[in-house]
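Novice: Handing over start.txt, compact mmCIF, C-alpha atoms.
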# COMPACT_ATOMS: atom_id res chain seq x y z
CA MET A 1 -3.96 -2.64 -8.08
CA LYS A 2 -1.85 -2.63 -11.24
CA ASN A 3 -4.08 -0.06 -12.96
CA THR A 4 -4.06 2.19 -9.90
CA VAL A 5 -0.28 2.09 -9.65
CA LEU A 6 0.16 2.75 -13.37
CA LYS A 7 -2.40 5.59 -13.38
CA PHE A 8 -1.24 7.45 -10.27
CA GLY A 9 2.41 6.51 -10.77
CA GLY A 10 2.18 7.92 -14.30
CA TYR A 11 0.60 11.13 -13.04
CA GLY A 12 3.33 11.47 -10.41
CA LEU A 13 6.07 10.70 -12.94
CA ILE A 14 4.78 13.36 -15.34
CA LEU A 15 4.22 15.99 -12.63
CA GLY A 16 7.60 15.25 -11.02
CA ALA A 17 9.41 15.45 -14.34
CA VAL A 18 7.67 18.66 -15.40
CA ILE A 19 7.97 20.55 -12.09
CA PHE A 20 11.51 19.38 -11.41
CA GLY A 21 12.52 20.13 -14.99
CA LEU A 22 11.03 23.62 -14.84
CA ALA A 23 12.74 24.30 -11.52
CA LEU A 24 16.10 23.16 -12.89
CA THR A 25 15.75 25.01 -16.18
CA PHE A 26 14.33 28.33 -14.98
CA GLY A 27 15.73 28.44 -11.45
CA GLY A 28 19.29 29.05 -12.61
CA GLY A 29 19.41 32.59 -11.24
CA LEU A 30 18.34 31.48 -7.77
CA SER A 31 20.68 30.44 -4.98
CA TYR A 32 21.32 26.72 -4.56
CA THR A 33 19.51 26.83 -1.22
CA THR A 34 16.38 28.23 -2.88
CA GLN A 35 16.68 25.72 -5.72
CA GLU A 36 16.95 22.92 -3.18
CA ILE A 37 13.78 24.05 -1.40
CA ILE A 38 11.91 24.23 -4.72
CA GLY A 39 13.27 20.81 -5.67
CA TYR A 40 12.08 19.17 -2.46
CA GLY A 41 8.74 20.95 -2.81
CA SER A 42 8.32 19.54 -6.30
CA MET A 43 9.16 16.05 -5.02
CA VAL A 44 6.57 16.25 -2.25
CA ALA A 45 3.94 17.69 -4.62
CA SER A 46 4.55 14.84 -7.06
CA LEU A 47 4.46 12.30 -4.26
CA SER A 48 0.99 13.51 -3.25
CA PHE A 49 -0.20 10.96 -5.82
CA VAL A 50 0.82 8.28 -3.32
CA TYR A 51 -1.98 9.32 -0.99
CA PHE A 52 -4.50 9.78 -3.77
CA GLY A 53 -3.56 6.47 -5.41
CA ILE A 54 -4.04 4.54 -2.17
CA LYS A 55 -7.32 6.34 -1.49
CA HIS A 56 -8.55 5.62 -5.04
CA PHE A 57 -7.67 1.94 -4.68
CA ARG A 58 -9.44 1.69 -1.34
CA ASP A 59 -12.58 3.58 -2.31
CA LYS A 60 -13.07 2.79 -6.01
CA VAL A 61 -11.37 -0.56 -6.61
CA ASN A 62 -11.41 -2.53 -3.36
CA ASP A 63 -14.87 -1.88 -1.85
CA GLY A 64 -13.67 0.62 0.77
CA LYS A 65 -11.00 -1.67 2.26
CA VAL A 66 -7.22 -1.67 2.12
CA THR A 67 -4.73 -3.28 4.46
CA PHE A 68 -1.67 -1.42 5.64
CA GLY A 69 0.60 -3.77 3.67
CA LYS A 70 -1.31 -3.33 0.41
CA ALA A 71 -1.43 0.46 0.92
CA LEU A 72 2.31 0.50 1.57
CA LEU A 73 2.99 -1.56 -1.56
CA ILE A 74 0.86 0.72 -3.73
CA GLY A 75 2.57 3.80 -2.28
CA VAL A 76 6.07 2.43 -2.76
CA LEU A 77 5.36 1.49 -6.38
CA ILE A 78 3.93 4.94 -7.13
CA SER A 79 7.00 6.46 -5.42
CA ALA A 80 9.24 4.46 -7.74
CA PHE A 81 7.49 5.99 -10.76
CA VAL A 82 7.91 9.51 -9.37
CA GLY A 83 11.56 8.81 -8.56
CA LEU A 84 12.10 7.57 -12.09
CA GLY A 85 10.66 10.80 -13.53
CA VAL A 86 12.77 13.04 -11.33
CA GLY A 87 15.89 10.94 -11.87
CA LEU A 88 15.48 11.01 -15.65
CA VAL A 89 15.01 14.77 -15.70
CA ASP A 90 18.04 15.21 -13.44
CA TYR A 91 20.10 13.06 -15.81
CA LEU A 92 18.91 14.96 -18.89
CA TYR A 93 19.58 18.28 -17.19
CA THR A 94 23.14 17.38 -16.20
CA THR A 95 24.03 15.78 -19.54
CA VAL A 96 22.10 17.80 -22.17
CA ILE A 97 20.72 21.07 -20.79
CA ASN A 98 23.53 22.05 -18.41
CA PRO A 99 26.46 19.64 -18.73
CA ASP A 100 28.62 22.02 -16.67
CA PHE A 101 26.32 21.78 -13.65
CA ALA A 102 28.77 19.85 -11.44
CA GLU A 103 31.60 22.30 -12.15
CA ASP A 104 29.33 25.32 -11.62
CA TYR A 105 28.02 23.87 -8.37
CA LEU A 106 31.54 23.15 -7.16
CA ALA A 107 32.76 26.66 -8.03
CA LYS A 108 29.82 28.42 -6.32
CA THR A 109 30.01 26.23 -3.24
CA LEU A 110 33.77 26.74 -2.90
CA GLU A 111 33.16 30.47 -3.23
CA SER A 112 30.58 30.36 -0.43
CA TYR A 113 33.08 28.48 1.75
CA GLU A 114 35.32 31.56 1.63
CA THR A 115 32.81 33.43 3.83
CA LEU A 116 32.15 30.50 6.17
CA TYR A 117 35.63 29.14 6.87
CA SER A 118 39.21 30.34 7.05
CA GLY A 119 42.73 28.97 7.25
CA LYS A 120 43.26 25.24 7.57
CA GLU A 121 39.54 24.53 7.97
CA LEU A 122 38.82 26.28 4.64
CA GLU A 123 41.48 24.23 2.86
CA ASN A 124 40.18 20.99 4.41
CA LYS A 125 36.59 21.78 3.35
CA LYS A 126 37.68 22.69 -0.19
CA THR A 127 39.70 19.49 -0.53
CA GLU A 128 36.87 17.40 0.88
CA LEU A 129 34.24 18.85 -1.47
CA THR A 130 36.51 18.68 -4.51
CA THR A 131 37.25 15.00 -3.81
CA GLN A 132 33.54 14.24 -3.34
CA MET A 133 32.65 15.91 -6.62
CA GLU A 134 35.40 14.03 -8.45
CA ASN A 135 34.22 10.70 -7.01
CA TYR A 136 30.46 11.22 -7.14
CA GLY A 137 29.81 14.13 -9.51
CA GLY A 138 28.85 12.04 -12.55
CA SER A 139 25.42 12.56 -14.10
CA GLY A 140 24.40 8.92 -13.71
CA PHE A 141 25.35 8.83 -10.05
CA MET A 142 23.56 12.12 -9.33
CA ALA A 143 20.41 10.89 -11.12
CA THR A 144 20.51 7.68 -9.06
CA ILE A 145 20.83 9.71 -5.87
CA MET A 146 17.80 11.78 -6.94
CA PHE A 147 15.80 8.59 -7.60
CA PHE A 148 16.60 7.20 -4.16
CA THR A 149 15.96 10.55 -2.46
CA VAL A 150 12.47 10.68 -3.99
CA PHE A 151 11.92 7.00 -3.26
CA ILE A 152 12.82 7.38 0.43
CA ILE A 153 10.58 10.43 0.83
CA GLY A 154 7.87 8.47 -1.00
CA PHE A 155 8.34 5.52 1.36
CA ILE A 156 7.76 7.82 4.33
CA ILE A 157 4.67 9.30 2.68
CA SER A 158 3.50 5.74 1.88
CA LEU A 159 3.87 4.74 5.53
CA ILE A 160 1.88 7.73 6.72
CA SER A 161 -0.77 7.33 4.00
CA GLY A 162 -1.08 3.61 4.71
CA LEU A 163 -1.63 4.29 8.40
CA ILE A 164 -4.23 6.96 7.67
CA LEU A 165 -6.11 5.14 4.92
CA GLN A 166 -6.07 1.51 6.08
CA ARG A 167 -9.48 -0.07 6.57
CA LYS A 168 -10.24 -3.72 7.07
How would this structure read if it were set down as structure tokens?
Specialist:
Amino acid sequence: MKNTVLKFGGYGLILGAVIFGLALTFGGGLSYTTQEIIGYGSMVASLSFVYFGIKHFRDKVNDGKVTFGKALLIGVLISAFVGLGVGLVDYLYTTVINPDFAEDYLAKTLESYETLYSGKELENKKTELTTQMENYGGSGFMATIMFFTVFIIGFIISLISGLILQRK
């Protein structure tokens, strides 16, 4: 099991880091909505190694058998590797490549609020977002959020893969 997790977790980590890094680096001219869609797509593509890792373990390592619990464990561990890759790239991006990301994001989002809200509601939304960014806009916190986002999506994919691939 260890070799399977390291192999497929490593593949997922590398693919997640590369795709997410490319999307962050070259997607700068795109809207944040489009960047978000690309980001989630890269997470799901990288997490496809969860399914393939469980299938490899079942078919090549464990004589065609895997319990749901073992499949879930393999999937969750692979998901942690992918989350680590995406989280590291997110941290590098927001500290080295684009250290002004949080301020740019805040400015563009506040600008978009101008078309969505008016009056007191606009001021409340601006204050709310500004406070959130001040409290949670640090690179380390954002990287941690990315790790857990990938990990939770990976857990869901692990559940589904475990249900599909389990054989006793």
Novice: Kindly provide the residues of segment 36-68 of chain A that approach segment 1-14 of chain A to within 8 Å, each paired with its closest atom pair and their distance in Å to one decimal, based on only C-alpha atoms, listed by chain and increasing number, as JSON lines.
Specialist:
{"residue": "A:Ser46", "atom": "CA", "partner": "A:Gly12", "partner_atom": "CA", "distance": 4.9}
{"residue": "A:Leu47", "atom": "CA", "partner": "A:Gly12", "partner_atom": "CA", "distance": 6.3}
{"residue": "A:Ser48", "atom": "CA", "partner": "A:Gly12", "partner_atom": "CA", "distance": 7.8}
{"residue": "A:Phe49", "atom": "CA", "partner": "A:Phe8", "partner_atom": "CA", "distance": 5.8}
{"residue": "A:Val50", "atom": "CA", "partner": "A:Phe8", "partner_atom": "CA", "distance": 7.3}
{"residue": "A:Phe52", "atom": "CA", "partner": "A:Phe8", "partner_atom": "CA", "distance": 7.6}
{"residue": "A:Gly53", "atom": "CA", "partner": "A:Phe8", "partner_atom": "CA", "distance": 5.5}
{"residue": "A:His56", "atom": "CA", "partner": "A:Thr4", "partner_atom": "CA", "distance": 7.5}
{"residue": "A:Phe57", "atom": "CA", "partner": "A:Thr4", "partner_atom": "CA", "distance": 6.4}
{"residue": "A:Val61", "atom": "CA", "partner": "A:Met1", "partner_atom": "CA", "distance": 7.8}
Novice: List as a ChimeraX atom specification the residues having at least one atom at most 9 Å from position (15.9, 11.1, -7.2) as given in the file, counting all atoms listed in the file.
Specialist: /A:43,82-88,90,142-151
Novice: Can you spit out the residues from that selection as a PDB file, in the coordinates of the input, using C-alpha atoms?
Specialist:
ATOM      1  CA  MET A  43       9.160  16.050  -5.020  1.00  0.00           C
ATOM      2  CA  VAL A  82       7.910   9.510  -9.370  1.00  0.00           C
ATOM      3  CA  GLY A  83      11.560   8.810  -8.560  1.00  0.00           C
ATOM      4  CA  LEU A  84      12.100   7.570 -12.090  1.00  0.00           C
ATOM      5  CA  GLY A  85      10.660  10.800 -13.530  1.00  0.00           C
ATOM      6  CA  VAL A  86      12.770  13.040 -11.330  1.00  0.00           C
ATOM      7  CA  GLY A  87      15.890  10.940 -11.870  1.00  0.00           C
ATOM      8  CA  LEU A  88      15.480  11.010 -15.650  1.00  0.00           C
ATOM      9  CA  ASP A  90      18.040  15.210 -13.440  1.00  0.00           C
ATOM     10  CA  MET A 142      23.560  12.120  -9.330  1.00  0.00           C
ATOM     11  CA  ALA A 143      20.410  10.890 -11.120  1.00  0.00           C
ATOM     12  CA  THR A 144      20.510   7.680  -9.060  1.00  0.00           C
ATOM     13  CA  ILE A 145      20.830   9.710  -5.870  1.00  0.00           C
ATOM     14  CA  MET A 146      17.800  11.780  -6.940  1.00  0.00           C
ATOM     15  CA  PHE A 147      15.800   8.590  -7.600  1.00  0.00           C
ATOM     16  CA  PHE A 148      16.600   7.200  -4.160  1.00  0.00           C
ATOM     17  CA  THR A 149      15.960  10.550  -2.460  1.00  0.00           C
ATOM     18  CA  VAL A 150      12.470  10.680  -3.990  1.00  0.00           C
ATOM     19  CA  PHE A 151      11.920   7.000  -3.260  1.00  0.00           C
TER      20      PHE A 151
END
Novice: Can you pull out the residues contacting segment 66-78 of chain A? Cut-off 7 Å, using all atoms listed in the file, and skip same-chain residues under 6 positions away; I want them as a PyMOL selection string.
Specialist: chain A and resi 5+8-9+50+54+58+154-155+158-159+162-163+166-168
Novice: Choose the residue, out of A:Ile37, A:Leu24, A:Ala45, A:Leu110, that has the smallest atom-to-atom separation from Ile157 of chain A; count all atoms listed in the file.
Specialist: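 For Ile157 of chain A, the nearest of the candidates is A:Ala45.
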Novice: Counting all atoms listed in the file, which residues have an atom no more than 12 Å from (23.2, 23.9, -16.3) in the file's coordinates? Please list them as an mmCIF file with C-alpha atoms, in the frame of the given file.
Specialist:
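Saved to part_34.cif:
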data_model
loop_
_atom_site.group_PDB
_atom_site.id
_atom_site.type_symbol
_atom_site.label_atom_id
_atom_site.label_comp_id
_atom_site.auth_asym_id
_atom_site.auth_seq_id
_atom_site.Cartn_x
_atom_site.Cartn_y
_atom_site.Cartn_z
ATOM 1 C CA GLY A 21 12.520 20.130 -14.990
ATOM 2 C CA ALA A 23 12.740 24.300 -11.520
ATOM 3 C CA LEU A 24 16.100 23.160 -12.890
ATOM 4 C CA THR A 25 15.750 25.010 -16.180
ATOM 5 C CA PHE A 26 14.330 28.330 -14.980
ATOM 6 C CA GLY A 27 15.730 28.440 -11.450
ATOM 7 C CA GLY A 28 19.290 29.050 -12.610
ATOM 8 C CA GLY A 29 19.410 32.590 -11.240
ATOM 9 C CA ASP A 90 18.040 15.210 -13.440
ATOM 10 C CA TYR A 91 20.100 13.060 -15.810
ATOM 11 C CA LEU A 92 18.910 14.960 -18.890
ATOM 12 C CA TYR A 93 19.580 18.280 -17.190
ATOM 13 C CA THR A 94 23.140 17.380 -16.200
ATOM 14 C CA THR A 95 24.030 15.780 -19.540
ATOM 15 C CA VAL A 96 22.100 17.800 -22.170
ATOM 16 C CA ILE A 97 20.720 21.070 -20.790
ATOM 17 C CA ASN A 98 23.530 22.050 -18.410
ATOM 18 C CA PRO A 99 26.460 19.640 -18.730
ATOM 19 C CA ASP A 100 28.620 22.020 -16.670
ATOM 20 C CA PHE A 101 26.320 21.780 -13.650
ATOM 21 C CA ALA A 102 28.770 19.850 -11.440
ATOM 22 C CA GLU A 103 31.600 22.300 -12.150
ATOM 23 C CA ASP A 104 29.330 25.320 -11.620
ATOM 24 C CA TYR A 105 28.020 23.870 -8.370
ATOM 25 C CA SER A 139 25.420 12.560 -14.100
#
Novice: Hey, can you check how far atom CA of Ile164 of chain A sits from atom CA of Lys65 of chain A?
Specialist: 12.2 Å
Novice: With all atoms listed in the file as the atoms that count, which of A:Leu15, A:Ala107, A:Leu22, A:Leu165 lies nearest to Phe81 of chain A?
Specialist: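 Looking only at the distances to Phe81 of chain A, the closest residue turns out to be A:Leu15.
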Novice: Which residue, A:Glu128, A:Gly140, A:Lys55, A:Val18, has the smallest gap to Thr109 of chain A when you use only C-alpha atoms?
Specialist: A:Glu128
Novice: Just the number, please: distance in Å from atom CA of Leu30 of chain A to atom CA of Tyr136 of chain A, one decimal.
Specialist: 23.6 Å
Novice: In Å, rounded to a single decimal, give me how far atom CA of Tyr51 of chain A is from atom CA of Thr33 of chain A.
Specialist: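 Computing the Euclidean distance for atom CA of Thr33 of chain A and atom CA of Tyr51 of chain A yields 27.7 Å.
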Novice: Which residue is closest to Ile152 of chain A? Choose from A:Ala80, A:Ile38, A:Leu122, A:Ile19 and count all atoms listed in the file.
Specialist: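 Under the stated criterion, the closest residue is A:Ala80.
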